[in-house]
file entry.csv (CSV, C-alpha atoms and all ligand atoms)
chain,number,residue,atom,x,y,z
A,1492,MET,CA,11.0,4.9,-16.7
A,1493,ARG,CA,8.3,4.1,-19.2
A,1494,ASP,CA,5.0,4.3,-17.6
A,1495,ALA,CA,5.5,5.5,-14.1
A,1496,PRO,CA,3.1,8.4,-13.4
A,1497,SER,CA,4.5,11.5,-12.0
A,1498,ALA,CA,2.5,11.3,-8.8
A,1499,LEU,CA,5.3,12.7,-6.7
A,1500,SER,CA,5.8,15.9,-8.5
A,1501,ARG,CA,2.2,16.9,-7.9
A,1502,ARG,CA,2.4,16.6,-4.2
A,1503,SER,CA,1.6,19.4,-1.9
A,1504,TRP,CA,3.0,17.6,1.1
A,1505,GLN,CA,5.6,15.1,1.9
A,1506,PRO,CA,4.6,12.2,4.1
A,1507,ALA,CA,7.4,10.4,5.9
A,1508,ILE,CA,5.9,7.0,5.6
A,1509,SER,CA,3.6,5.6,2.9
A,1510,VAL,CA,1.8,2.4,3.5
A,1511,VAL,CA,0.9,0.6,0.3
A,1512,VAL,CA,-2.1,-1.8,0.5
A,1513,PRO,CA,-3.1,-3.9,-2.5
A,1514,ALA,CA,-6.8,-4.8,-2.2
A,1515,HIS,CA,-8.8,-7.2,-4.3
A,1516,ASP,CA,-12.3,-8.0,-3.0
A,1517,GLU,CA,-11.5,-7.0,0.5
A,1518,ALA,CA,-14.5,-4.8,1.3
A,1519,ALA,CA,-15.5,-6.9,4.3
A,1520,GLY,CA,-12.2,-6.5,6.1
A,1521,LEU,CA,-11.1,-3.0,5.0
A,1522,PRO,CA,-12.6,-0.8,7.7
A,1523,LEU,CA,-11.2,-3.1,10.4
A,1524,PHE,CA,-7.8,-3.0,8.6
A,1525,HIS,CA,-7.8,0.8,8.5
A,1526,GLN,CA,-8.7,1.0,12.1
A,1527,ARG,CA,-5.9,-1.3,13.2
A,1528,LEU,CA,-3.4,0.5,10.9
A,1529,THR,CA,-4.4,3.9,12.3
A,1530,GLY,CA,-4.0,2.5,15.8
A,1531,ALA,CA,-0.6,1.0,15.0
A,1532,LEU,CA,0.7,4.2,13.5
A,1533,ASN,CA,-0.5,6.3,16.3
A,1534,GLY,CA,2.9,7.5,17.4
A,1535,ILE,CA,4.0,8.5,13.9
A,1536,ASP,CA,3.5,12.0,12.7
A,1537,ASN,CA,3.4,12.1,9.0
A,1538,TRP,CA,2.0,9.2,7.1
A,1539,GLU,CA,-0.3,8.2,4.3
A,1540,VAL,CA,-1.9,5.0,3.2
A,1541,VAL,CA,-2.2,4.2,-0.5
A,1542,TYR,CA,-5.0,1.7,-1.2
A,1543,ILE,CA,-5.0,0.1,-4.6
A,1544,ASP,CA,-8.3,-1.2,-5.7
A,1545,ASP,CA,-7.2,-4.1,-8.0
A,1546,GLY,CA,-10.3,-4.6,-10.1
A,1547,SER,CA,-12.5,-5.7,-7.2
A,1548,THR,CA,-15.9,-7.1,-8.0
A,1549,ASP,CA,-17.3,-6.3,-4.5
A,1550,ALA,CA,-17.6,-3.0,-2.7
A,1551,THR,CA,-13.9,-2.5,-2.1
A,1552,LEU,CA,-13.8,0.8,-4.0
A,1553,ALA,CA,-16.7,2.2,-2.1
A,1554,ALA,CA,-15.1,1.1,1.2
A,1555,ILE,CA,-11.9,3.0,0.3
A,1556,GLU,CA,-13.8,6.0,-0.8
A,1557,SER,CA,-15.6,6.2,2.5
A,1558,LEU,CA,-12.3,5.8,4.3
A,1559,ARG,CA,-11.0,8.7,2.2
A,1560,ARG,CA,-13.9,10.9,3.2
A,1561,ILE,CA,-13.2,10.5,6.9
A,1562,ASP,CA,-9.4,10.4,6.7
A,1563,ASP,CA,-7.3,12.7,4.5
A,1564,ARG,CA,-4.2,10.5,4.8
A,1565,VAL,CA,-5.9,7.9,2.5
A,1566,ALA,CA,-4.8,7.9,-1.1
A,1567,LEU,CA,-6.8,5.8,-3.6
A,1568,VAL,CA,-5.5,4.2,-6.8
A,1569,CYS,CA,-8.2,2.4,-8.7
A,1570,LEU,CA,-6.9,0.2,-11.5
A,1571,SER,CA,-8.9,-0.3,-14.6
A,1572,ARG,CA,-9.2,-4.0,-14.0
A,1573,ASN,CA,-7.7,-6.8,-12.0
A,1574,PHE,CA,-4.0,-6.9,-12.7
A,1575,GLY,CA,-2.8,-9.2,-9.9
A,1576,LYS,CA,-1.1,-8.5,-6.6
A,1577,GLU,CA,2.4,-7.9,-8.1
A,1578,VAL,CA,1.2,-5.2,-10.4
A,1579,ALA,CA,-1.1,-3.7,-7.7
A,1580,ILE,CA,1.9,-3.3,-5.4
A,1581,THR,CA,3.9,-1.7,-8.3
A,1582,ALA,CA,1.1,0.8,-8.8
A,1583,GLY,CA,1.2,1.5,-5.1
A,1584,LEU,CA,5.0,2.1,-5.2
A,1585,ASP,CA,4.5,4.4,-8.1
A,1586,HIS,CA,2.0,6.5,-6.2
A,1587,ALA,CA,3.6,6.5,-2.8
A,1588,ALA,CA,5.3,9.7,-1.8
A,1589,GLY,CA,6.9,8.7,1.5
A,1590,ASP,CA,10.6,8.6,2.4
A,1591,ALA,CA,9.9,5.1,3.3
A,1592,VAL,CA,7.3,2.8,1.9
A,1593,VAL,CA,5.6,-0.2,3.7
A,1594,VAL,CA,3.9,-2.9,1.7
A,1595,ILE,CA,1.2,-4.8,3.6
A,1596,ASP,CA,-1.7,-7.1,2.8
A,1597,ALA,CA,-5.2,-5.9,3.4
A,1598,ASP,CA,-6.5,-9.1,5.0
A,1599,LEU,CA,-4.7,-8.5,8.4
A,1600,GLN,CA,-2.5,-11.6,7.9
A,1601,ASP,CA,0.4,-9.1,8.2
A,1602,PRO,CA,-0.3,-7.4,11.5
A,1603,PRO,CA,0.0,-3.6,11.1
A,1604,GLU,CA,1.4,-3.5,14.7
A,1605,VAL,CA,4.7,-4.7,13.3
A,1606,ILE,CA,5.1,-1.5,11.2
A,1607,PRO,CA,6.6,0.6,14.0
A,1608,GLU,CA,9.3,-2.1,14.4
A,1609,LEU,CA,10.0,-1.9,10.6
A,1610,ILE,CA,10.3,1.9,10.9
A,1611,ALA,CA,12.6,1.6,13.9
A,1612,GLN,CA,15.0,-0.6,11.8
A,1613,TRP,CA,14.8,1.9,9.0
A,1614,ARG,CA,15.7,4.7,11.3
A,1615,ALA,CA,18.6,2.6,12.5
A,1616,GLY,CA,20.0,2.8,9.0
A,1617,PHE,CA,18.6,-0.1,7.0
A,1618,ASP,CA,17.2,0.4,3.6
A,1619,MET,CA,15.1,-2.7,3.4
A,1620,VAL,CA,13.4,-4.2,6.4
A,1621,TYR,CA,11.4,-7.3,5.7
A,1622,ALA,CA,9.0,-9.0,8.1
A,1623,LYS,CA,9.8,-12.7,8.5
A,1624,ARG,CA,7.1,-15.2,9.6
A,1625,ARG,CA,7.9,-17.0,12.8
A,1626,GLY,CA,7.1,-20.5,11.4
A,1627,ARG,CA,4.2,-21.4,9.1
A,1628,ALA,CA,1.9,-22.9,11.7
A,1629,GLY,CA,-1.3,-22.4,9.7
A,1630,ASP,CA,0.0,-24.1,6.5
A,1631,SER,CA,-0.2,-27.8,5.6
A,1632,TRP,CA,3.1,-29.8,5.6
A,1633,LEU,CA,2.8,-30.0,1.8
A,1634,LYS,CA,2.7,-26.2,1.5
A,1635,ARG,CA,5.6,-25.8,3.9
A,1636,GLY,CA,7.6,-28.5,2.2
A,1637,THR,CA,7.1,-27.1,-1.3
A,1638,ALA,CA,7.8,-23.6,-0.2
A,1639,HIS,CA,11.1,-24.7,1.5
A,1640,GLY,CA,12.1,-26.7,-1.6
A,1641,PHE,CA,11.4,-23.7,-3.8
A,1642,TYR,CA,13.7,-21.4,-1.8
A,1643,ARG,CA,16.5,-24.0,-1.9
A,1644,LEU,CA,16.1,-24.5,-5.6
A,1645,MET,CA,16.1,-20.7,-6.3
A,1646,GLN,CA,19.2,-20.3,-4.3
A,1647,ARG,CA,21.0,-23.1,-6.1
A,1648,MET,CA,20.0,-22.1,-9.6
A,1649,GLY,CA,20.4,-18.4,-9.5
A,1650,ASP,CA,22.7,-16.3,-7.5
A,1651,LEU,CA,19.8,-14.5,-5.9
A,1652,LYS,CA,19.4,-15.1,-2.2
A,1653,LEU,CA,15.7,-15.0,-1.4
A,1654,PRO,CA,14.8,-14.6,2.3
A,1655,GLU,CA,12.7,-17.6,3.4
A,1656,ASP,CA,9.3,-17.3,5.1
A,1657,THR,CA,8.9,-13.8,3.8
A,1658,GLY,CA,6.1,-12.3,1.8
A,1659,ASP,CA,5.7,-8.9,0.4
A,1660,PHE,CA,5.3,-7.4,3.9
A,1661,ARG,CA,8.3,-5.1,4.3
A,1662,LEU,CA,9.6,-1.5,4.5
A,1663,MET,CA,11.7,0.1,1.8
A,1664,SER,CA,13.6,3.3,1.9
A,1665,ARG,CA,13.1,5.9,-0.9
A,1666,ARG,CA,16.2,4.8,-2.8
A,1667,VAL,CA,15.1,1.1,-2.7
A,1668,VAL,CA,11.6,2.1,-3.9
A,1669,ASP,CA,13.1,4.2,-6.8
A,1670,ALA,CA,15.3,1.2,-7.7
A,1671,VAL,CA,12.4,-1.2,-7.7
A,1672,ARG,CA,10.4,1.2,-9.8
A,1673,GLN,CA,13.0,1.1,-12.5
A,1674,LEU,CA,12.3,-2.7,-13.0
A,1675,ARG,CA,9.4,-2.5,-15.3
A,1676,GLU,CA,9.3,-6.2,-16.5
A,1677,GLN,CA,5.9,-7.7,-17.2
A,1678,HIS,CA,6.6,-10.9,-15.4
A,1679,ARG,CA,7.0,-9.6,-11.9
A,1680,PHE,CA,8.2,-11.9,-9.2
A,1681,MET,CA,8.2,-9.2,-6.5
A,1682,LYS,CA,10.2,-11.1,-3.9
A,1683,GLY,CA,12.9,-11.6,-6.5
A,1684,LEU,CA,12.9,-7.9,-7.5
A,1685,PHE,CA,13.1,-6.8,-3.9
A,1686,ALA,CA,16.1,-9.1,-3.4
A,1687,TRP,CA,17.7,-8.1,-6.7
A,1688,VAL,CA,18.1,-4.4,-5.8
A,1689,GLY,CA,20.2,-5.2,-2.7
A,1690,TYR,CA,21.1,-2.4,-0.3
A,1691,PRO,CA,21.5,-2.9,3.5
A,1692,THR,CA,18.8,-5.3,4.5
A,1693,THR,CA,17.6,-6.7,7.8
A,1694,TYR,CA,14.4,-8.3,9.1
A,1695,VAL,CA,12.1,-8.5,12.1
A,1696,THR,CA,10.0,-11.6,12.9
A,1697,TYR,CA,6.3,-11.7,13.5
A,1698,ASP,CA,3.4,-14.2,13.8
A,1699,ARG,CA,1.3,-14.5,10.7
A,1700,GLN,CA,-2.4,-14.3,11.4
A,1701,PRO,CA,-5.3,-16.1,9.8
A,1702,ARG,CA,-7.2,-14.1,7.2
A,1703,CYS,CA,-9.7,-11.8,8.9
A,1704,ALA,CA,-12.3,-12.0,6.1
A,1705,GLY,CA,-12.8,-13.1,2.6
A,1706,VAL,CA,-10.8,-15.9,0.9
A,1707,SER,CA,-7.2,-16.3,-0.2
A,1708,LYS,CA,-6.6,-16.2,-3.9
A,1709,TRP,CA,-3.8,-18.7,-3.9
A,1710,SER,CA,-4.2,-22.3,-5.1
A,1711,TYR,CA,-1.4,-24.8,-5.7
A,1712,TRP,CA,-1.7,-24.2,-9.4
A,1713,LYS,CA,-1.1,-20.5,-8.8
A,1714,LEU,CA,1.8,-21.3,-6.5
A,1715,TRP,CA,3.3,-23.5,-9.1
A,1716,ASN,CA,3.0,-20.7,-11.6
A,1717,LEU,CA,4.5,-18.3,-9.2
A,1718,ALA,CA,7.5,-20.7,-8.7
A,1719,LEU,CA,7.9,-20.9,-12.5
A,1720,GLU,CA,7.8,-17.1,-12.7
A,1721,GLY,CA,10.5,-16.9,-10.0
A,1722,ILE,CA,12.7,-19.3,-11.7
A,1723,THR,CA,12.4,-18.0,-15.3
A,1724,SER,CA,12.6,-14.4,-14.2
A,1725,PHE,CA,15.9,-14.8,-12.4
A,1726,THR,CA,17.8,-17.7,-13.9
A,1727,VAL,CA,18.4,-19.3,-17.3
A,1728,MET,CA,19.6,-22.5,-15.5
A,1729,PRO,CA,16.8,-24.7,-17.0
A,1730,LEU,CA,18.0,-23.8,-20.5
A,1731,LYS,CA,21.6,-24.7,-19.6
A,1732,LEU,CA,20.3,-27.9,-18.1
A,1733,ALA,CA,19.3,-29.0,-21.6
A,1734,THR,CA,22.8,-28.8,-22.7
A,1735,TYR,CA,24.1,-31.0,-19.9
A,1736,VAL,CA,21.3,-33.5,-20.1
A,1737,GLY,CA,21.9,-33.7,-23.8
A,1738,LEU,CA,25.6,-34.2,-23.3
A,1739,GLY,CA,25.0,-36.9,-20.7
A,1740,VAL,CA,22.7,-38.8,-22.9
A,1741,ALA,CA,25.1,-38.5,-25.8
A,1742,LEU,CA,27.9,-39.9,-23.7
A,1743,LEU,CA,25.8,-42.8,-22.5
A,1744,SER,CA,24.8,-43.6,-26.1
A,1745,VAL,CA,28.4,-43.7,-27.1
A,1746,ILE,CA,29.1,-46.3,-24.4
A,1747,TYR,CA,26.0,-48.2,-25.4
A,1748,ALA,CA,27.0,-48.1,-29.1
A,1749,ALA,CA,30.4,-49.5,-28.2
A,1750,GLN,CA,28.8,-52.3,-26.3
A,1751,VAL,CA,26.4,-53.1,-29.2
A,1752,ILE,CA,29.3,-53.2,-31.7
A,1753,VAL,CA,31.5,-55.4,-29.6
A,1754,LYS,CA,28.6,-57.7,-28.9
A,1755,THR,CA,27.8,-58.0,-32.6
A,1756,LEU,CA,31.4,-58.7,-33.5
A,1757,ILE,CA,31.7,-61.5,-30.9
A,1758,ILE,CA,28.4,-63.2,-30.9
A,1759,GLY,CA,26.9,-62.0,-34.2
A,1760,ASN,CA,23.6,-60.1,-34.6
A,1761,PRO,CA,20.5,-62.2,-33.7
A,1762,VAL,CA,18.1,-59.3,-34.4
A,1763,ALA,CA,16.6,-58.5,-31.0
A,1764,GLY,CA,16.3,-55.3,-28.9
A,1765,TYR,CA,12.8,-54.1,-29.5
A,1766,PRO,CA,12.2,-53.3,-25.8
A,1767,SER,CA,15.5,-51.4,-25.5
A,1768,LEU,CA,14.8,-49.5,-28.7
A,1769,MET,CA,11.4,-48.5,-27.6
A,1770,THR,CA,12.7,-47.4,-24.2
A,1771,VAL,CA,15.4,-45.2,-25.7
A,1772,VAL,CA,13.1,-43.7,-28.3
A,1773,LEU,CA,10.4,-42.8,-25.8
A,1774,PHE,CA,12.9,-41.6,-23.2
A,1775,LEU,CA,14.6,-39.3,-25.6
A,1776,GLY,CA,11.2,-38.1,-27.1
A,1777,GLY,CA,10.1,-37.2,-23.6
A,1778,ILE,CA,13.3,-35.3,-22.8
A,1779,GLN,CA,13.1,-33.4,-26.0
A,1780,LEU,CA,9.5,-32.4,-25.5
A,1781,MET,CA,10.3,-31.3,-22.0
A,1782,PHE,CA,13.1,-29.1,-23.0
A,1783,LEU,CA,11.0,-27.7,-25.8
A,1784,GLY,CA,8.5,-26.7,-23.1
A,1785,VAL,CA,11.3,-25.1,-21.1
A,1786,ILE,CA,12.4,-23.1,-24.1
A,1787,GLY,CA,8.7,-22.2,-24.7
A,1788,GLU,CA,8.4,-20.8,-21.1
A,1789,TYR,CA,11.3,-18.5,-21.8
A,1790,LEU,CA,10.2,-17.6,-25.3
A,1791,GLY,CA,6.7,-16.8,-24.1
A,1792,ARG,CA,8.2,-14.4,-21.6
A,1793,VAL,CA,10.4,-12.8,-24.2
A,1794,PHE,CA,7.3,-12.3,-26.4
A,1795,ASN,CA,5.4,-10.7,-23.6
A,1796,GLU,CA,8.3,-8.3,-22.7
A,1797,THR,CA,8.8,-7.2,-26.3
A,1798,LYS,CA,5.2,-5.8,-26.5
A,1799,GLN,CA,6.3,-3.2,-23.9
A,1800,ARG,CA,2.8,-2.6,-22.7
A,1801,PRO,CA,2.2,-0.5,-19.6
A,1802,LEU,CA,2.1,-2.5,-16.5
A,1803,TYR,CA,-1.3,-1.2,-15.5
A,1804,LEU,CA,-3.9,1.4,-16.2
A,1805,VAL,CA,-5.3,3.8,-13.6
A,1806,GLU,CA,-9.0,4.4,-13.7
A,1807,ARG,CA,-9.0,6.9,-10.8
A,1808,TYR,CA,-6.4,8.4,-8.5
A,1809,ILE,CA,-7.1,10.4,-5.4
A,1810,PRO,CA,-3.9,11.5,-3.6
A,1811,SER,CA,-3.7,11.8,0.1
A,1812,ALA,CA,-3.9,15.4,1.5
A,1813,VAL,CA,-2.2,17.3,4.2
A,1814,LYS,CA,-3.0,16.0,7.6
A,1815,VAL,CA,-4.2,18.8,9.8
A,1816,SER,CA,-1.9,18.4,12.7
A,1817,VAL,CA,-3.5,18.4,16.2
A,1901,LIG,N1,-4.6,-9.1,-4.0
A,1901,LIG,C1,-4.6,-8.1,-5.1
A,1901,LIG,N2,-4.8,-8.6,-6.3
A,1901,LIG,C2,-5.1,-9.9,-6.6
A,1901,LIG,C3,-5.0,-10.8,-5.5
A,1901,LIG,C4,-4.8,-10.4,-4.3
A,1901,LIG,O1,-4.3,-6.9,-4.9
A,1901,LIG,O2,-5.3,-10.2,-7.8
A,1901,LIG,C5,-4.3,-8.6,-2.6
A,1901,LIG,C6,-5.3,-9.0,-1.6
A,1901,LIG,O3,-6.4,-8.1,-1.5
A,1901,LIG,C7,-4.5,-9.0,-0.3
A,1901,LIG,C8,-3.1,-9.4,-0.8
A,1901,LIG,O4,-3.1,-9.2,-2.2
A,1901,LIG,O5,-4.4,-7.7,0.2
A,1901,LIG,C9,-2.8,-10.9,-0.5
A,1901,LIG,O6,-3.8,-11.7,-1.1
A,1901,LIG,P1,-4.2,-13.1,-0.5
A,1901,LIG,O7,-4.6,-12.9,0.9
A,1901,LIG,O8,-5.3,-13.7,-1.4
A,1901,LIG,O9,-2.9,-13.9,-0.6
A,1901,LIG,P2,-2.2,-14.8,0.6
A,1901,LIG,O10,-2.3,-14.0,1.8
A,1901,LIG,O11,-3.0,-16.1,0.6
A,1901,LIG,O12,-0.8,-15.0,0.1
A,1902,MG,MG,-3.7,-13.2,2.7

call {"tool": "encode", "arguments": {"input": "entry.csv", "output": "structure tokens"}}
result
Amino acid sequence: MRDAPSALSRRSWQPAISVVVPAHDEAAGLPLFHQRLTGALNGIDNWEVVYIDDGSTDATLAAIESLRRIDDRVALVCLSRNFGKEVAITAGLDHAAGDAVVVIDADLQDPPEVIPELIAQWRAGFDMVYAKRRGRAGDSWLKRGTAHGFYRLMQRMGDLKLPEDTGDFRLMSRRVVDAVRQLREQHRFMKGLFAWVGYPTTYVTYDRQPRCAGVSKWSYWKLWNLALEGITSFTVMPLKLATYVGLGVALLSVIYAAQVIVKTLIIGNPVAGYPSLMTVVLFLGGIQLMFLGVIGEYLGRVFNETKQRPLYLVERYIPSAVKVSV
């Protein structure tokens, strides 16, 4: 592993469950989140929560610090700037010490009350327990439709089976976490990485809640880019597509050429065909540019990977401490 910190070796205690919470500008909702989390994990002995401050511009860091002051089970990883949710989760996995790790959003859209159900499935022997949304009631039909289309597309193009209606909210056993931590690619499509590692997997269903405070950081443009990330990270099908489209067009052009030759032999050549010529030239030009773009998408990613930069930089790290048992 290139840049994974050795957080685990410095541990003085071993929590059973680590809850990883990426937080970017979540100051308003954090205290409530922590309260709900603590309530939900009431029946569990040994747990820690790892908050990742992902370059927040509001008082998120201060909020986590004050939680740490009143609760030893809080660990704080402050990243040097905003690296995005995928990397924030990775930083959390790197600093989580538990035998099982739960990833959950800070905005209470993933209800912490589901965590005991995840843990129950893990205790029943599953390595990966993801939480599946029961429908997408809050989303527009456009978002639902595009999401569904994306999952279908991913399944057809790559051989990766992505669970539908599932976010990053899930529990992973230690061996799954260690497996995911070995995947240090810069372009991180977490759902894909989680699915890629495999291991016995199951799910529980839950109702996704509206955001408790703040705003979502997802726009359609970002979702489109996430979809691109997903496709280019896990399949080279678009590159292969160029071969087949090229082949198809070449075949069609042979047929068309035969038709032109026969026609010329039979009725001569009364120089015409400007419209068809323009159509063909523009069509082929368009296709060529499009596939140049596809190649560019892959090349850009190869470029980024070759730099081998660390995924994130940590500005401050406070591990959780032994919980004084009562
Ligand atoms: N988040 C993050 N870094 C970012 C953007 C988001 O750590 O750059 C966190 C955010 O604080 C929240 C979670 O990722 O805990 C999900 O973000 P958001 O609610 O904006 O996404 P959505 O729920 O709309 O998918
Ligand atoms: Mg959210």

call {"tool": "closest_residue", "arguments": {"input": "entry.csv", "among": "A:Val1510, A:Ala1531, A:Leu1599, A:Ala1741", "to": "ligand LIG 1901 (chain A)", "atoms": "all atoms listed in the file"}}
result
A:Leu1599

call {"tool": "closest_residue", "arguments": {"input": "entry.csv", "among": "A:Asn1795, A:Gln1700, A:Thr1755, A:Asn1537", "to": "ligand LIG 1901 (chain A)", "atoms": "only C-alpha atoms and all ligand atoms"}}
result
A:Gln1700

call {"tool": "axis_aligned_box", "arguments": {"input": "entry.csv", "around": "ligand LIG 1901 (chain A)", "padding_each_side": "4 Å", "output": "AutoDock Vina command-line options"}}
result
--center_x -3.6 --center_y -11.5 --center_z -3.0 --size_x 13.6 --size_y 17.2 --size_z 17.6

call {"tool": "residues_near_point", "arguments": {"input": "entry.csv", "point": "(12.5, -31.4, -26.1)", "cutoff": "12 Å", "atoms": "all atoms listed in the file", "output": "number ranges by chain"}}
result
A: 1730, 1732-1734, 1736-1737, 1773-1787

call {"tool": "residues_around", "arguments": {"input": "entry.csv", "residues": "Thr1693 (chain A)", "least_positions_apart": "2", "cutoff": "9 Å", "atoms": "all atoms listed in the file", "output": "short mmCIF file (atom, residue, chain, number, x, y, z; two decimals) with C-alpha atoms, in the coordinates of the input"}}
result
data_model
loop_
_atom_site.label_atom_id
_atom_site.label_comp_id
_atom_site.auth_asym_id
_atom_site.auth_seq_id
_atom_site.Cartn_x
_atom_site.Cartn_y
_atom_site.Cartn_z
CA GLN A 1612 15.00 -0.60 11.80
CA PHE A 1617 18.60 -0.10 7.00
CA ASP A 1618 17.20 0.40 3.60
CA MET A 1619 15.10 -2.70 3.40
CA VAL A 1620 13.40 -4.20 6.40
CA TYR A 1621 11.40 -7.30 5.70
CA ALA A 1622 9.00 -9.00 8.10
CA PRO A 1691 21.50 -2.90 3.50
CA VAL A 1695 12.10 -8.50 12.10
#

call {"tool": "residues_near_ligand", "arguments": {"input": "entry.csv", "ligand": "ligand LIG 1901 (chain A)", "cutoff": "9 Å", "atoms": "only C-alpha atoms and all ligand atoms", "output": "number ranges by chain"}}
result
A: 1512-1517, 1543-1547, 1573-1580, 1595-1601, 1658-1659, 1701-1702, 1705-1710

call {"tool": "atom_distance", "arguments": {"input": "entry.csv", "atom1": "CA of Thr1723 (chain A)", "atom2": "CA of Gly1640 (chain A)"}}
result
16.2 Å

call {"tool": "closest_residue", "arguments": {"input": "entry.csv", "among": "A:Phe1524, A:Phe1725, A:Arg1661, A:Ala1718", "to": "Trp1687 (chain A)", "atoms": "all atoms listed in the file"}}
result
A:Phe1725

call {"tool": "atom_distance", "arguments": {"input": "entry.csv", "atom1": "CA of Glu1788 (chain A)", "atom2": "CA of Gly1683 (chain A)"}}
result
17.8 Å

call {"tool": "atom_distance", "arguments": {"input": "entry.csv", "atom1": "CA of Val1594 (chain A)", "atom2": "CA of Val1540 (chain A)"}}
result
9.9 Å

call {"tool": "closest_residue", "arguments": {"input": "entry.csv", "among": "A:Thr1696, A:Ser1811, A:Ser1571, A:Ser1664", "to": "Trp1538 (chain A)", "atoms": "only C-alpha atoms"}}
result
A:Ser1811

call {"tool": "closest_residue", "arguments": {"input": "entry.csv", "among": "A:Asp1590, A:Arg1675, A:Ala1763, A:Lys1682", "to": "Glu1655 (chain A)", "atoms": "all atoms listed in the file"}}
result
A:Lys1682

call {"tool": "residues_near_point", "arguments": {"input": "entry.csv", "point": "(-6.7, 7.8, 2.4)", "cutoff": "7 Å", "atoms": "all atoms listed in the file", "output": "MDAnalysis selection string"}}
result
chainID A and resid 1539:1541 1558:1559 1562:1567 1811

call {"tool": "closest_residue", "arguments": {"input": "entry.csv", "among": "A:Arg1624, A:Arg1792, A:Lys1731, A:Arg1699", "to": "ligand MG 1902 (chain A)", "atoms": "all atoms listed in the file"}}
result
A:Arg1699

call {"tool": "residues_around", "arguments": {"input": "entry.csv", "residues": "Leu1528 (chain A)", "least_positions_apart": "6", "cutoff": "9 Å", "atoms": "all atoms listed in the file", "output": "JSON, numbers by chain"}}
result
{"A": [1602, 1603, 1604, 1606]}

call {"tool": "residues_around", "arguments": {"input": "entry.csv", "residues": "Ser1744 (chain A)", "least_positions_apart": "6", "cutoff": "10 Å", "atoms": "all atoms listed in the file", "output": "PyMOL selection string"}}
result
chain A and resi 1738+1750+1771

call {"tool": "residues_around", "arguments": {"input": "entry.csv", "residues": "Val1805 (chain A)", "least_positions_apart": "3", "cutoff": "7 Å", "atoms": "only C-alpha atoms", "output": "PDB file with C-alpha atoms, in the coordinates of the input"}}
result
ATOM      1  CA  VAL A1568      -5.500   4.200  -6.800  1.00  0.00           C
ATOM      2  CA  CYS A1569      -8.200   2.400  -8.700  1.00  0.00           C
ATOM      3  CA  LEU A1570      -6.900   0.200 -11.500  1.00  0.00           C
ATOM      4  CA  SER A1571      -8.900  -0.300 -14.600  1.00  0.00           C
ATOM      5  CA  TYR A1808      -6.400   8.400  -8.500  1.00  0.00           C
TER       6      TYR A1808
END
